[in-house]
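Q: Got a file for you: query-v9.cif, mmCIF, C-alpha atoms.
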data_input
loop_
_atom_site.group_PDB
_atom_site.id
_atom_site.type_symbol
_atom_site.label_atom_id
_atom_site.label_comp_id
_atom_site.auth_asym_id
_atom_site.auth_seq_id
_atom_site.Cartn_x
_atom_site.Cartn_y
_atom_site.Cartn_z
ATOM 1 C CA MET H 1 8.467 20.731 -13.373
ATOM 2 C CA LYS H 2 7.630 19.975 -9.753
ATOM 3 C CA PRO H 3 10.269 18.552 -7.393
ATOM 4 C CA TYR H 4 8.313 15.323 -6.966
ATOM 5 C CA GLN H 5 6.193 13.194 -9.199
ATOM 6 C CA ILE H 6 4.721 11.178 -6.306
ATOM 7 C CA VAL H 7 4.601 11.692 -2.545
ATOM 8 C CA GLY H 8 3.165 8.808 -0.527
ATOM 9 C CA ILE H 9 1.649 8.912 2.948
ATOM 10 C CA GLY H 10 1.113 5.710 4.888
ATOM 11 C CA ASN H 11 1.966 3.328 7.687
ATOM 12 C CA ALA H 12 5.737 3.090 8.059
ATOM 13 C CA MET H 13 6.279 -0.569 8.936
ATOM 14 C CA VAL H 14 8.892 -3.291 8.995
ATOM 15 C CA ASP H 15 7.594 -6.589 7.614
ATOM 16 C CA VAL H 16 8.446 -9.879 9.334
ATOM 17 C CA LEU H 17 7.904 -12.536 6.663
ATOM 18 C CA ALA H 18 7.506 -16.194 7.605
ATOM 19 C CA ARG H 19 6.135 -19.298 5.914
ATOM 20 C CA CYS H 20 3.501 -21.409 7.633
ATOM 21 C CA ASP H 21 0.834 -24.002 6.868
ATOM 22 C CA GLU H 22 -2.932 -23.674 7.087
ATOM 23 C CA ASP H 23 -3.000 -25.399 10.484
ATOM 24 C CA PHE H 24 -0.781 -22.689 11.949
ATOM 25 C CA LEU H 25 -3.323 -20.047 10.949
ATOM 26 C CA THR H 26 -6.149 -22.012 12.545
ATOM 27 C CA GLU H 27 -4.244 -22.800 15.732
ATOM 28 C CA ASN H 28 -3.256 -19.157 16.179
ATOM 29 C CA ARG H 29 -6.621 -17.632 15.257
ATOM 30 C CA VAL H 30 -5.289 -15.861 12.188
ATOM 31 C CA GLU H 31 -7.843 -15.089 9.482
ATOM 32 C CA LYS H 32 -6.376 -15.898 6.104
ATOM 33 C CA GLY H 33 -5.730 -13.329 3.407
ATOM 34 C CA ILE H 34 -6.467 -10.084 5.235
ATOM 35 C CA MET H 35 -4.780 -7.536 7.475
ATOM 36 C CA GLN H 36 -5.626 -7.774 11.169
ATOM 37 C CA LEU H 37 -4.599 -5.156 13.708
ATOM 38 C CA THR H 38 -2.906 -6.463 16.830
ATOM 39 C CA ASP H 39 -1.569 -4.949 19.998
ATOM 40 C CA ARG H 40 2.040 -5.268 21.077
ATOM 41 C CA ASP H 41 1.443 -8.359 23.233
ATOM 42 C CA ARG H 42 -0.287 -10.234 20.423
ATOM 43 C CA GLY H 43 2.537 -9.296 18.064
ATOM 44 C CA VAL H 44 5.138 -10.644 20.499
ATOM 45 C CA GLU H 45 3.119 -13.857 20.961
ATOM 46 C CA LEU H 46 2.897 -14.529 17.216
ATOM 47 C CA TYR H 47 6.548 -13.660 16.693
ATOM 48 C CA SER H 48 7.524 -16.249 19.312
ATOM 49 C CA ARG H 49 5.596 -18.973 17.477
ATOM 50 C CA ILE H 50 6.700 -18.479 13.882
ATOM 51 C CA GLY H 51 9.626 -20.255 12.297
ATOM 52 C CA PRO H 52 12.564 -18.626 10.503
ATOM 53 C CA ALA H 53 11.665 -15.118 9.367
ATOM 54 C CA THR H 54 12.964 -12.337 7.153
ATOM 55 C CA GLU H 55 12.751 -8.702 8.272
ATOM 56 C CA VAL H 56 12.406 -6.149 5.483
ATOM 57 C CA SER H 57 11.132 -2.600 5.300
ATOM 58 C CA GLY H 58 7.515 -2.547 4.266
ATOM 59 C CA GLY H 59 4.299 -0.628 4.622
ATOM 60 C CA SER H 60 1.847 -0.541 1.744
ATOM 61 C CA ALA H 61 2.385 2.997 0.439
ATOM 62 C CA ALA H 62 6.103 2.780 1.213
ATOM 63 C CA ASN H 63 6.301 -0.323 -1.005
ATOM 64 C CA SER H 64 4.481 1.537 -3.776
ATOM 65 C CA ILE H 65 6.766 4.549 -3.481
ATOM 66 C CA ALA H 66 9.852 2.319 -3.419
ATOM 67 C CA GLY H 67 8.595 0.629 -6.592
ATOM 68 C CA ALA H 68 8.029 3.966 -8.312
ATOM 69 C CA ALA H 69 11.486 5.144 -7.221
ATOM 70 C CA HIS H 70 12.986 1.910 -8.567
ATOM 71 C CA LEU H 71 11.494 2.880 -11.922
ATOM 72 C CA GLY H 72 13.092 6.321 -11.732
ATOM 73 C CA ALA H 73 10.292 8.484 -10.317
ATOM 74 C CA ARG H 74 11.075 11.511 -8.170
ATOM 75 C CA THR H 75 9.483 10.484 -4.895
ATOM 76 C CA ALA H 76 9.078 11.273 -1.210
ATOM 77 C CA TYR H 77 7.377 9.476 1.636
ATOM 78 C CA ILE H 78 5.700 10.535 4.881
ATOM 79 C CA GLY H 79 5.250 7.977 7.659
ATOM 80 C CA LYS H 80 6.169 7.712 11.335
ATOM 81 C CA VAL H 81 8.830 5.471 12.867
ATOM 82 C CA LYS H 82 10.637 5.577 16.204
ATOM 83 C CA ASP H 83 14.263 6.386 16.883
ATOM 84 C CA ASP H 84 15.011 2.678 17.409
ATOM 85 C CA GLN H 85 16.638 -0.198 15.533
ATOM 86 C CA LEU H 86 13.660 -1.045 13.319
ATOM 87 C CA GLY H 87 13.082 2.648 12.616
ATOM 88 C CA ALA H 88 16.663 2.984 11.413
ATOM 89 C CA ILE H 89 16.254 -0.068 9.169
ATOM 90 C CA PHE H 90 13.078 1.365 7.678
ATOM 91 C CA ALA H 91 14.599 4.788 6.952
ATOM 92 C CA HIS H 92 17.806 3.353 5.500
ATOM 93 C CA ASP H 93 16.030 0.944 3.172
ATOM 94 C CA LEU H 94 13.669 3.602 1.827
ATOM 95 C CA ARG H 95 16.393 6.207 1.290
ATOM 96 C CA ALA H 96 18.545 3.586 -0.410
ATOM 97 C CA GLN H 97 15.831 3.382 -3.075
ATOM 98 C CA GLY H 98 16.269 7.107 -3.745
ATOM 99 C CA VAL H 99 13.160 8.183 -1.840
ATOM 100 C CA ASP H 100 13.243 11.425 0.168
ATOM 101 C CA TYR H 101 12.231 10.523 3.710
ATOM 102 C CA ASP H 102 12.359 13.221 6.384
ATOM 103 C CA THR H 103 9.416 12.548 8.740
ATOM 104 C CA THR H 104 10.362 13.460 12.311
ATOM 105 C CA LEU H 105 11.217 10.357 14.343
ATOM 106 C CA ALA H 106 9.257 9.523 17.475
ATOM 107 C CA PRO H 107 11.666 9.882 20.422
ATOM 108 C CA ARG H 108 13.366 6.921 22.070
ATOM 109 C CA ASP H 109 11.274 7.336 25.212
ATOM 110 C CA HIS H 110 7.965 7.022 23.323
ATOM 111 C CA ALA H 111 5.784 4.279 24.813
ATOM 112 C CA ALA H 112 5.182 2.643 21.419
ATOM 113 C CA GLU H 113 7.739 1.129 19.066
ATOM 114 C CA THR H 114 8.293 1.210 15.329
ATOM 115 C CA GLY H 115 5.394 -0.635 13.714
ATOM 116 C CA ARG H 116 5.840 -4.115 12.386
ATOM 117 C CA CYS H 117 3.700 -6.526 10.402
ATOM 118 C CA ILE H 118 4.010 -10.280 10.785
ATOM 119 C CA VAL H 119 3.231 -11.617 7.308
ATOM 120 C CA LEU H 120 2.361 -15.320 7.307
ATOM 121 C CA VAL H 121 2.727 -16.878 3.855
ATOM 122 C CA THR H 122 0.922 -20.170 3.211
ATOM 123 C CA PRO H 123 1.949 -22.690 0.499
ATOM 124 C CA ASP H 124 -0.523 -21.145 -1.972
ATOM 125 C CA GLY H 125 1.337 -17.815 -1.715
ATOM 126 C CA GLU H 126 -1.494 -16.071 0.127
ATOM 127 C CA ARG H 127 -0.412 -13.703 2.864
ATOM 128 C CA SER H 128 -2.133 -13.085 6.173
ATOM 129 C CA MET H 129 -0.975 -9.927 7.904
ATOM 130 C CA ASN H 130 -0.911 -9.239 11.623
ATOM 131 C CA THR H 131 -0.063 -5.604 12.180
ATOM 132 C CA TYR H 132 1.145 -3.796 15.270
ATOM 133 C CA LEU H 133 0.954 -0.147 14.222
ATOM 134 C CA GLY H 134 3.180 1.222 16.963
ATOM 135 C CA VAL H 135 4.226 4.839 16.531
ATOM 136 C CA THR H 136 3.013 5.023 12.934
ATOM 137 C CA GLU H 137 -0.489 5.267 14.394
ATOM 138 C CA PHE H 138 0.420 8.694 15.754
ATOM 139 C CA LEU H 139 1.126 10.418 12.448
ATOM 140 C CA SER H 140 -0.342 13.888 12.870
ATOM 141 C CA PRO H 141 -0.953 17.028 10.811
ATOM 142 C CA ASP H 142 2.351 18.356 12.171
ATOM 143 C CA ASP H 143 4.121 15.589 10.229
ATOM 144 C CA ILE H 144 2.689 16.790 6.912
ATOM 145 C CA ASP H 145 5.183 19.032 5.120
ATOM 146 C CA GLU H 146 2.939 21.262 3.017
ATOM 147 C CA ARG H 147 5.787 22.407 0.771
ATOM 148 C CA GLN H 148 6.763 18.810 0.051
ATOM 149 C CA VAL H 149 3.194 17.694 -0.603
ATOM 150 C CA GLY H 150 2.478 20.800 -2.657
ATOM 151 C CA GLY H 151 5.576 20.046 -4.706
ATOM 152 C CA ALA H 152 4.141 16.776 -6.042
ATOM 153 C CA ASP H 153 2.235 15.954 -9.211
ATOM 154 C CA TRP H 154 0.489 13.170 -7.279
ATOM 155 C CA ILE H 155 -0.012 12.363 -3.626
ATOM 156 C CA TYR H 156 -0.750 8.743 -2.817
ATOM 157 C CA LEU H 157 -2.795 8.029 0.316
ATOM 158 C CA GLU H 158 -2.818 4.614 1.972
ATOM 159 C CA GLY H 159 -6.170 3.444 3.303
ATOM 160 C CA TYR H 160 -4.534 1.577 6.183
ATOM 161 C CA ARG H 161 -3.400 4.961 7.511
ATOM 162 C CA PHE H 162 -7.001 5.873 8.316
ATOM 163 C CA ASP H 163 -6.455 4.035 11.609
ATOM 164 C CA GLY H 164 -5.114 6.518 14.164
ATOM 165 C CA PRO H 165 -6.368 9.471 16.215
ATOM 166 C CA ASP H 166 -5.132 12.251 13.899
ATOM 167 C CA SER H 167 -5.007 10.416 10.577
ATOM 168 C CA HIS H 168 -8.030 12.038 8.979
ATOM 169 C CA ALA H 169 -6.804 15.508 9.877
ATOM 170 C CA ALA H 170 -3.351 14.691 8.499
ATOM 171 C CA PHE H 171 -4.861 13.506 5.208
ATOM 172 C CA ALA H 172 -7.088 16.591 5.010
ATOM 173 C CA LYS H 173 -4.036 18.832 5.391
ATOM 174 C CA ALA H 174 -2.151 16.909 2.711
ATOM 175 C CA ILE H 175 -5.087 17.004 0.280
ATOM 176 C CA ALA H 176 -5.537 20.748 0.735
ATOM 177 C CA ALA H 177 -1.839 21.400 0.137
ATOM 178 C CA ALA H 178 -1.724 19.163 -2.933
ATOM 179 C CA LYS H 179 -4.922 20.440 -4.528
ATOM 180 C CA GLY H 180 -3.993 24.039 -3.757
ATOM 181 C CA ALA H 181 -0.806 23.603 -5.765
ATOM 182 C CA GLY H 182 -2.501 21.863 -8.703
ATOM 183 C CA GLY H 183 -1.622 18.311 -7.673
ATOM 184 C CA ARG H 184 -3.794 15.227 -7.925
ATOM 185 C CA VAL H 185 -4.850 12.716 -5.288
ATOM 186 C CA ALA H 186 -4.651 8.924 -5.486
ATOM 187 C CA LEU H 187 -6.144 6.696 -2.792
ATOM 188 C CA THR H 188 -5.861 2.971 -2.193
ATOM 189 C CA LEU H 189 -8.624 1.276 -0.198
ATOM 190 C CA SER H 190 -5.998 -1.168 1.171
ATOM 191 C CA ASP H 191 -8.180 -3.908 2.698
ATOM 192 C CA PRO H 192 -11.897 -4.820 2.970
ATOM 193 C CA PHE H 193 -11.778 -4.684 6.777
ATOM 194 C CA CYS H 194 -10.195 -1.245 6.517
ATOM 195 C CA VAL H 195 -13.131 -0.204 4.350
ATOM 196 C CA GLU H 196 -15.551 -1.560 6.952
ATOM 197 C CA ARG H 197 -13.916 0.537 9.661
ATOM 198 C CA HIS H 198 -13.782 3.770 7.652
ATOM 199 C CA ARG H 199 -16.413 3.526 4.926
ATOM 200 C CA ASP H 200 -17.972 6.947 5.574
ATOM 201 C CA ALA H 201 -14.598 8.719 5.541
ATOM 202 C CA PHE H 202 -13.601 6.879 2.362
ATOM 203 C CA ALA H 203 -16.906 7.770 0.733
ATOM 204 C CA ARG H 204 -16.471 11.483 1.443
ATOM 205 C CA MET H 205 -12.919 11.497 0.168
ATOM 206 C CA ILE H 206 -13.799 9.566 -2.988
ATOM 207 C CA ALA H 207 -16.688 11.896 -3.764
ATOM 208 C CA GLU H 208 -14.827 15.126 -3.060
ATOM 209 C CA ASP H 209 -11.083 14.707 -3.535
ATOM 210 C CA VAL H 210 -9.889 11.518 -5.261
ATOM 211 C CA ASP H 211 -8.648 11.613 -8.853
ATOM 212 C CA LEU H 212 -7.376 8.012 -8.985
ATOM 213 C CA LEU H 213 -8.796 5.136 -6.939
ATOM 214 C CA PHE H 214 -6.884 1.879 -6.418
ATOM 215 C CA CYS H 215 -8.703 -1.174 -5.077
ATOM 216 C CA ASN H 216 -9.136 -4.892 -5.529
ATOM 217 C CA ARG H 217 -12.282 -6.924 -6.000
ATOM 218 C CA ALA H 218 -12.946 -7.532 -2.292
ATOM 219 C CA GLU H 219 -12.348 -3.905 -1.383
ATOM 220 C CA ILE H 220 -14.630 -2.396 -4.010
ATOM 221 C CA LEU H 221 -17.429 -4.829 -3.146
ATOM 222 C CA SER H 222 -17.067 -3.822 0.500
ATOM 223 C CA MET H 223 -16.930 -0.136 -0.369
ATOM 224 C CA TYR H 224 -20.238 -0.211 -2.225
ATOM 225 C CA ARG H 225 -21.890 -2.923 -0.120
ATOM 226 C CA THR H 226 -22.755 -5.178 -3.010
ATOM 227 C CA ASP H 227 -21.962 -8.637 -4.387
ATOM 228 C CA ASP H 228 -22.205 -7.324 -7.964
ATOM 229 C CA PHE H 229 -18.632 -6.614 -9.067
ATOM 230 C CA ASP H 230 -19.573 -4.916 -12.336
ATOM 231 C CA ALA H 231 -22.010 -2.641 -10.542
ATOM 232 C CA ALA H 232 -19.400 -1.698 -7.949
ATOM 233 C CA VAL H 233 -16.821 -0.859 -10.632
ATOM 234 C CA ALA H 234 -19.414 1.217 -12.474
ATOM 235 C CA ARG H 235 -20.304 3.142 -9.321
ATOM 236 C CA ALA H 236 -16.658 3.907 -8.626
ATOM 237 C CA GLY H 237 -16.158 4.988 -12.234
ATOM 238 C CA ALA H 238 -19.080 7.377 -11.935
ATOM 239 C CA GLN H 239 -17.441 9.083 -8.958
ATOM 240 C CA VAL H 240 -13.752 9.113 -9.870
ATOM 241 C CA ALA H 241 -12.076 10.106 -13.131
ATOM 242 C CA LEU H 242 -9.729 7.107 -13.032
ATOM 243 C CA VAL H 243 -10.247 3.739 -11.301
ATOM 244 C CA ALA H 244 -7.758 0.860 -11.268
ATOM 245 C CA CYS H 245 -9.236 -2.309 -9.766
ATOM 246 C CA THR H 246 -7.191 -5.496 -9.582
ATOM 247 C CA GLU H 247 -8.668 -8.991 -9.664
ATOM 248 C CA SER H 248 -5.763 -11.330 -8.833
ATOM 249 C CA GLU H 249 -5.017 -13.782 -11.656
ATOM 250 C CA LYS H 250 -7.733 -12.183 -13.790
ATOM 251 C CA GLY H 251 -5.720 -8.991 -14.167
ATOM 252 C CA ALA H 252 -7.063 -5.484 -13.710
ATOM 253 C CA HIS H 253 -9.979 -3.310 -14.733
ATOM 254 C CA VAL H 254 -9.465 0.341 -15.603
ATOM 255 C CA VAL H 255 -12.228 2.926 -15.819
ATOM 256 C CA VAL H 256 -11.389 6.260 -17.456
ATOM 257 C CA ASN H 257 -14.164 8.832 -17.358
ATOM 258 C CA GLY H 258 -16.714 6.023 -17.233
ATOM 259 C CA ALA H 259 -15.192 3.884 -20.013
ATOM 260 C CA ARG H 260 -13.990 0.484 -18.768
ATOM 261 C CA SER H 261 -11.119 -1.647 -20.100
ATOM 262 C CA HIS H 262 -9.675 -4.970 -18.971
ATOM 263 C CA VAL H 263 -5.961 -5.786 -18.787
ATOM 264 C CA PRO H 264 -4.951 -9.445 -18.356
ATOM 265 C CA ALA H 265 -2.465 -10.578 -15.731
ATOM 266 C CA PHE H 266 1.020 -11.764 -16.609
ATOM 267 C CA PRO H 267 1.179 -15.461 -15.643
ATOM 268 C CA THR H 268 3.742 -16.309 -12.989
ATOM 269 C CA ARG H 269 4.373 -18.778 -10.178
ATOM 270 C CA VAL H 270 3.139 -17.332 -6.891
ATOM 271 C CA GLU H 271 5.734 -17.492 -4.109
ATOM 272 C CA ASP H 272 4.378 -14.693 -1.939
ATOM 273 C CA ALA H 273 1.458 -12.400 -2.737
ATOM 274 C CA THR H 274 2.766 -9.731 -0.335
ATOM 275 C CA GLY H 275 3.113 -6.421 -2.130
ATOM 276 C CA ALA H 276 1.326 -7.360 -5.357
ATOM 277 C CA GLY H 277 -1.195 -4.538 -5.047
ATOM 278 C CA ASP H 278 1.492 -2.165 -3.769
ATOM 279 C CA LEU H 279 3.738 -2.704 -6.769
ATOM 280 C CA PHE H 280 0.771 -2.537 -9.140
ATOM 281 C CA ALA H 281 0.004 0.912 -7.726
ATOM 282 C CA GLY H 282 3.643 2.036 -7.753
ATOM 283 C CA ALA H 283 4.140 1.095 -11.394
ATOM 284 C CA PHE H 284 0.752 2.511 -12.389
ATOM 285 C CA LEU H 285 1.531 5.826 -10.686
ATOM 286 C CA TRP H 286 4.942 5.979 -12.331
ATOM 287 C CA GLY H 287 3.314 5.467 -15.713
ATOM 288 C CA ALA H 288 0.681 8.113 -14.961
ATOM 289 C CA ALA H 289 3.363 10.581 -13.833
ATOM 290 C CA GLU H 290 5.241 9.895 -17.080
ATOM 291 C CA GLY H 291 2.124 10.645 -19.121
ATOM 292 C CA ARG H 292 1.247 7.094 -20.195
ATOM 293 C CA ASP H 293 -2.360 6.180 -20.946
ATOM 294 C CA ALA H 294 -4.320 4.297 -18.288
ATOM 295 C CA VAL H 295 -4.305 0.907 -20.050
ATOM 296 C CA THR H 296 -0.529 1.038 -20.467
ATOM 297 C CA CYS H 297 -0.220 2.021 -16.795
ATOM 298 C CA ALA H 298 -2.326 -0.992 -15.839
ATOM 299 C CA ARG H 299 -0.196 -3.322 -17.976
ATOM 300 C CA MET H 300 2.887 -1.963 -16.224
ATOM 301 C CA GLY H 301 1.171 -2.508 -12.893
ATOM 302 C CA CYS H 302 0.261 -6.102 -13.706
ATOM 303 C CA LEU H 303 3.813 -6.854 -14.856
ATOM 304 C CA ALA H 304 5.320 -5.304 -11.718
ATOM 305 C CA ALA H 305 2.893 -7.302 -9.573
ATOM 306 C CA SER H 306 3.860 -10.524 -11.354
ATOM 307 C CA GLU H 307 7.522 -9.839 -10.583
ATOM 308 C CA VAL H 308 7.007 -9.230 -6.880
ATOM 309 C CA ILE H 309 4.796 -12.274 -6.249
ATOM 310 C CA GLY H 310 7.490 -14.492 -7.759
ATOM 311 C CA HIS H 311 9.701 -14.106 -4.670
ATOM 312 C CA ILE H 312 9.526 -13.451 -0.936
ATOM 313 C CA GLY H 313 9.230 -9.781 -0.028
ATOM 314 C CA ALA H 314 7.317 -6.767 -1.284
ATOM 315 C CA ARG H 315 10.084 -4.882 -3.073
ATOM 316 C CA PRO H 316 11.179 -5.632 -6.683
ATOM 317 C CA GLN H 317 14.286 -7.737 -7.216
ATOM 318 C CA ALA H 318 14.412 -7.578 -11.018
ATOM 319 C CA ASP H 319 14.971 -4.490 -13.186
ATOM 320 C CA LEU H 320 11.370 -3.432 -13.846
ATOM 321 C CA ARG H 321 12.320 -1.006 -16.609
ATOM 322 C CA ALA H 322 14.043 -3.868 -18.429
ATOM 323 C CA LEU H 323 10.981 -6.077 -17.933
ATOM 324 C CA PHE H 324 8.799 -3.328 -19.363
ATOM 325 C CA ARG H 325 10.995 -3.024 -22.450
ATOM 326 C CA GLU H 326 10.992 -6.794 -22.957
ATOM 327 C CA ASN H 327 7.197 -6.722 -22.946
ATOM 328 C CA GLY H 328 6.774 -3.749 -25.285
ATOM 329 C CA LEU H 329 6.177 -1.234 -22.509
ATOM 330 C CA GLY H 330 9.494 0.651 -22.685
#
Kindly transcribe the structure held in the file into structure tokens.

A:
Amino acid sequence: MKPYQIVGIGNAMVDVLARCDEDFLTENRVEKGIMQLTDRDRGVELYSRIGPATEVSGGSAANSIAGAAHLGARTAYIGKVKDDQLGAIFAHDLRAQGVDYDTTLAPRDHAAETGRCIVLVTPDGERSMNTYLGVTEFLSPDDIDERQVGGADWIYLEGYRFDGPDSHAAFAKAIAAAKGAGGRVALTLSDPFCVERHRDAFARMIAEDVDLLFCNRAEILSMYRTDDFDAAVARAGAQVALVACTESEKGAHVVVNGARSHVPAFPTRVEDATGAGDLFAGAFLWGAAEGRDAVTCARMGCLAASEVIGHIGARPQADLRALFRENGLG
């Protein structure tokens, strides 16, 4: 048995969650429903304009790993924060979930700060993310612990992390270490704009290294440059042994060695869509690491997603294992 079931690599962020109306998005030039990169000045400007906010540790892959750890998985996480107040909050919150987190901190005199994401939640529960990457952008191959990555059944790579000068080299090092030790590679496409920025790099990785691809409808359409959803899912399934594609309230589609199945969503009232895809992936990966079949993993993912969108914040508040048992997934 390996030391870890899942090791995640991604943008280490602190989320600043605030409610707003549609007019606020328009007035502040925020495009709804996607992640937009900002510089520090833009982040400060938006922060000064929002109402009451909640600060919680976030980051897409970190949310997924926290969800898997909540379920009992043996996990670790690699992502860069600074030796500052927000960096301490991030590290404490992740370790409190039982996740091993040992990435070297950026020093206090670093010009950038710990990354933060201002998440604006509109009345329909949709979230619009404005991300200042800060020091997480400078994750480098030196931050990849080959023994840790090689000690995992799965490594989970966050598409957002493709932004950054050394990101591709860091991922290449992690993939080589994982594959060399018999591990498998999962990738999430993260966001359609992220796909637009890094489509060629994604395409190479999907074709050569990925064993499990996570995406949503918008991301897979962007990846394959088509408006035909079924065709995009089929193309992904022809390249990757296992594809898990979410489609909001319509549930998820799973392709295993070319054979496609649909899993319905679990109905719930949407308070905040932040983290839905992250928790879907975390629960799915936990199920995969525990040897569950792909459809069961997807049902777990949909149930975990329904829990997290029922409240503010991207980390589970209910006992997911208990929810699974109540729904015949124990």

Q: Which residue, H:Thr104, H:Ala259, H:Glu113, H:Ile9, has the smallest gap to Ala174 in chain H when you use all atoms listed in the file?

A: H:Ile9

Q: Determine the nearest neighbour of Gly8 in chain H from the options H:Ser248, H:Gln148, H:Gln85, H:Thr122, counting only C-alpha atoms.

A: H:Gln148

Q: Just the residues within 7 Å of Gly275 in chain H, please, counting all atoms listed in the file, with nothing from its chain fewer than 5 positions along; format it as a list of chain:residue names.

A: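 That gives H:Asn63, H:Val308, H:Ala314.
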
Q: Just checking: using all atoms listed in the file, which residue out of H:Asp211, H:Leu279, H:Arg299, H:Ala241 ends up closest to His262 in chain H?

A: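 Among the listed residues, the smallest separation from His262 in chain H belongs to H:Arg299.
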
Q: Which neighbours of Ala218 in chain H fall inside 10 Å, counting only C-alpha atoms, when residues of the same chain fewer than 6 positions from it are skipped, and could you give them as a list of chain:residue names?

A: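 Answer for this query is H:Asp191, H:Pro192, H:Phe193, H:Val195, H:Asp227, H:Phe229, H:Cys245, H:Thr246, H:Glu247.
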
Q: I'd like to know which of H:Leu86, H:Leu105, H:Ala68, H:Val44 is closest to Ile118 in chain H, using all atoms listed in the file.

A: H:Val44

Q: Between H:Ile144, H:Val240, H:Val135, H:Leu17, which one has atoms that come closest to His168 in chain H, using only C-alpha atoms?

A: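 So, comparing all the options, the nearest one is H:Ile144.
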